[in-house]
Amino acid sequence: MTDEPVTQTRIFRFWLPLAATWLMMAAEGPFLAAVIARLAEPTYNLAAYGVAFSLALVVEAPVIMLMSAATALARNRLSYLRLRTFTHILNAAVTLAMGVALLPPVFNAIAFGLIGLPTEVASRTHIALLILLPWPAAIGIRRLYQGVLIRHGLARRVAYGTVVRLTVMCGTAFLLARHGGIEGAWVGAAALTMGVSCEAVASRLMVGGTLRNLMQTPGAAAGAASSWVALSRFYYPLALTTLLSLGIHPVVTFFVGNSRSSLESLAVLPVIGSLVFIFRSLGLAYQEVVIVLIGDDHEGYAPLRTFGVRLSLGVTVGLSLIAWTPLAGVWFQVISGLSPDLASFALTPIRILALIPGLTTLLCFQRAIMVVRNTTNGITWATIIEVVGVVVVMWISISNLDAIGAVAAAAALLIGRIGANLYLAPAMREQR
């Protein structure tokens, strides 16, 4: 990176292509939900797709932070090679875990014993999860290469890869939907798998020149990449953090499956989650920006914090304008294709979740500071607090207050996220 001062303009230029990348990925959820909602038996298929996606997210969790790790560590040949081998090991592990989850005894224990899915939903979920089998490893590969691109100032190429992903995903969904006779949940799973797999290939092609230069860059692997033990200690809290964060989705699904209005809640939660993710994505893009631009002496801390606070306010206002105005009906009925009853059902949860995008932006800033300071254990403890908060609120709401599942889930996710932000609040203060 250059020695250019860290101004608001420079931060915006660096953030914009990454935000575009996340925004394009966020469009996947609403698009696929809209496709599924327009196919046969949409309630069953939306629920099945949501459950399969939640389970796949848990399996994928250990590879999510590879992009942040590569952004922070891919400085020379030895560091990159160690990180690449580490990625291959993680990819093999998550694929094996996905295969185990697909075994009928294991899947039945999860679907029927743990979540309590209706048979109509469980059967569709099993096939959708099978279709998603290559998805976690493809995510791991592309996040490694995207981190290398970001580290070397080529964030625009990350956006180009996402264009490939969306194009393939949309094409696959349209072709399968037009074919007819294919369950909507399977259409969504196939579109996701094809899109991410092609994005991984595109990322590898675009990073080729950078890797050649990186392989010629001498120097010892330093810091967190100095040894396998150091790398494991650095990455373990990050992997555990995402495992806990994404693992909360099946937990929420379990509680919702045993709640009042469970089928309606399971049907609308993927649609609600997709809308919230559009605004969350703008904040999620900020984590790597902070890691790259903060500088060795944290000279970029103050302007990065200012940008983060402004971004947090912006995404909160943006989602609130939809959640609390007639635009909600436009989104849920016209765009997402929900019936009037399901669209009305989704209003209370989305209004509760309106603060989540802003809190996510602040959390990403806080996590980035922890990564830069090599104190990743703090990230894990914040996530533990968030998960415990979600579980406790869900248990009280559903088991004791007989709350509607989707409303209880929204309240639990909000309270849990506030707990994580409060734990990491000291990261908002500059330390040199």
# chains A, B, ... in the order shown; residues from 1 in each chain; ligands from 1
>>> select_by_dssp(residues="stretch 185-419 of chain A", states="alpha helix (DSSP H)", output="ChimeraX atom specification")
/A:185-206,208-215,228-257,262-284,286-293,301-323,327-329,340-345,347-352,356-372,377-395,405-419
>>> residues_around(residues="A:Gln287", least_positions_apart="2", cutoff="9 Å", atoms="only C-alpha atoms", output="VMD selection string")
chain A and resid 68 283 to 285 289 to 292 361 363 to 369
>>> write_last_selection(atoms="C-alpha atoms", output="tab-separated table (two decimals), in the first residue's frame")
chain	number	residue	atom	x	y	z
A	68	SER	CA	-9.28	-11.34	6.89
A	283	GLY	CA	-20.72	-2.79	7.07
A	284	LEU	CA	-19.26	-6.25	6.58
A	285	ALA	CA	-17.14	-4.81	3.76
A	289	VAL	CA	-10.66	-1.82	4.91
A	290	VAL	CA	-9.66	-1.16	8.50
A	291	ILE	CA	-7.10	-3.99	8.52
A	292	VAL	CA	-5.32	-2.62	5.44
A	361	THR	CA	-20.77	-2.08	11.05
A	363	LEU	CA	-18.77	-4.81	15.29
A	364	CYS	CA	-16.71	-5.20	12.10
A	365	PHE	CA	-14.64	-2.15	13.05
A	366	GLN	CA	-14.13	-3.56	16.53
A	367	ARG	CA	-13.13	-6.98	15.18
A	368	ALA	CA	-10.69	-5.44	12.71
A	369	ILE	CA	-8.93	-3.63	15.54
>>> residues_around(residues="A:Leu18", least_positions_apart="4", cutoff="7 Å", atoms="only C-alpha atoms", output="ChimeraX atom specification")
/A:22,155,159,285
>>> residues_around(residues="A:Arg305", least_positions_apart="2", cutoff="10 Å", atoms="only C-alpha atoms", output="list of chain:residue names")
A:Val290, A:Ile294, A:Gly300, A:Tyr301, A:Ala302, A:Pro303, A:Phe307, A:Gly308, A:Val309, A:Arg310, A:Leu311, A:Leu362, A:Phe365, A:Gln366, A:Met428, A:Arg429, A:Glu430
>>> write_last_selection(atoms="C-alpha atoms", output="JSON list (two decimals), in the first residue's frame")
[["chain", "number", "residue", "atom", "x", "y", "z"],
["A", 290, "VAL", "CA", -9.66, -1.16, 8.50],
["A", 294, "ILE", "CA", -5.00, 1.52, 9.75],
["A", 300, "GLY", "CA", -5.40, 5.76, 10.32],
["A", 301, "TYR", "CA", -7.43, 4.91, 13.43],
["A", 302, "ALA", "CA", -9.27, 8.20, 13.93],
["A", 303, "PRO", "CA", -10.47, 8.72, 10.33],
["A", 307, "PHE", "CA", -16.08, 6.72, 8.66],
["A", 308, "GLY", "CA", -17.35, 3.65, 10.51],
["A", 309, "VAL", "CA", -19.70, 5.68, 12.71],
["A", 310, "ARG", "CA", -21.12, 7.51, 9.70],
["A", 311, "LEU", "CA", -21.57, 4.26, 7.80],
["A", 362, "LEU", "CA", -19.49, -1.15, 14.50],
["A", 365, "PHE", "CA", -14.64, -2.15, 13.05],
["A", 366, "GLN", "CA", -14.13, -3.56, 16.53],
["A", 428, "MET", "CA", -13.51, 2.12, 19.80],
["A", 429, "ARG", "CA", -10.92, 4.00, 21.87],
["A", 430, "GLU", "CA", -7.59, 4.61, 20.19]]
>>> residues_around(residues="A:Thr162", least_positions_apart="5", cutoff="7 Å", atoms="only C-alpha atoms", output="PyMOL selection string")
chain A and resi 21+24+199
>>> closest_atom_pairs(of="stretch 65-133 of chain A", to="stretch 38-58 of chain A", cutoff="6 Å", atoms="only C-alpha atoms", output="CSV")
residue,atom,partner,partner_atom,distance
A:Val121,CA,A:Ala48,CA,5.1
A:Arg124,CA,A:Ala48,CA,5.8
A:Thr125,CA,A:Ala48,CA,4.7
A:Leu129,CA,A:Ala52,CA,5.3
>>> write_last_selection(atoms="N, CA and C atoms", output="CSV table (one decimal), in the first residue's frame")
chain,number,residue,atom,x,y,z
A,121,VAL,N,-40.9,-30.5,4.7
A,121,VAL,CA,-39.8,-29.6,4.7
A,121,VAL,C,-38.4,-30.4,4.8
A,124,ARG,N,-37.1,-32.0,1.5
A,124,ARG,CA,-36.6,-31.0,0.6
A,124,ARG,C,-35.2,-30.5,1.1
A,125,THR,N,-35.1,-30.3,2.4
A,125,THR,CA,-33.9,-29.8,3.0
A,125,THR,C,-32.7,-30.7,2.8
A,129,LEU,N,-29.3,-29.7,0.9
A,129,LEU,CA,-28.0,-29.7,1.6
A,129,LEU,C,-27.0,-30.5,0.8
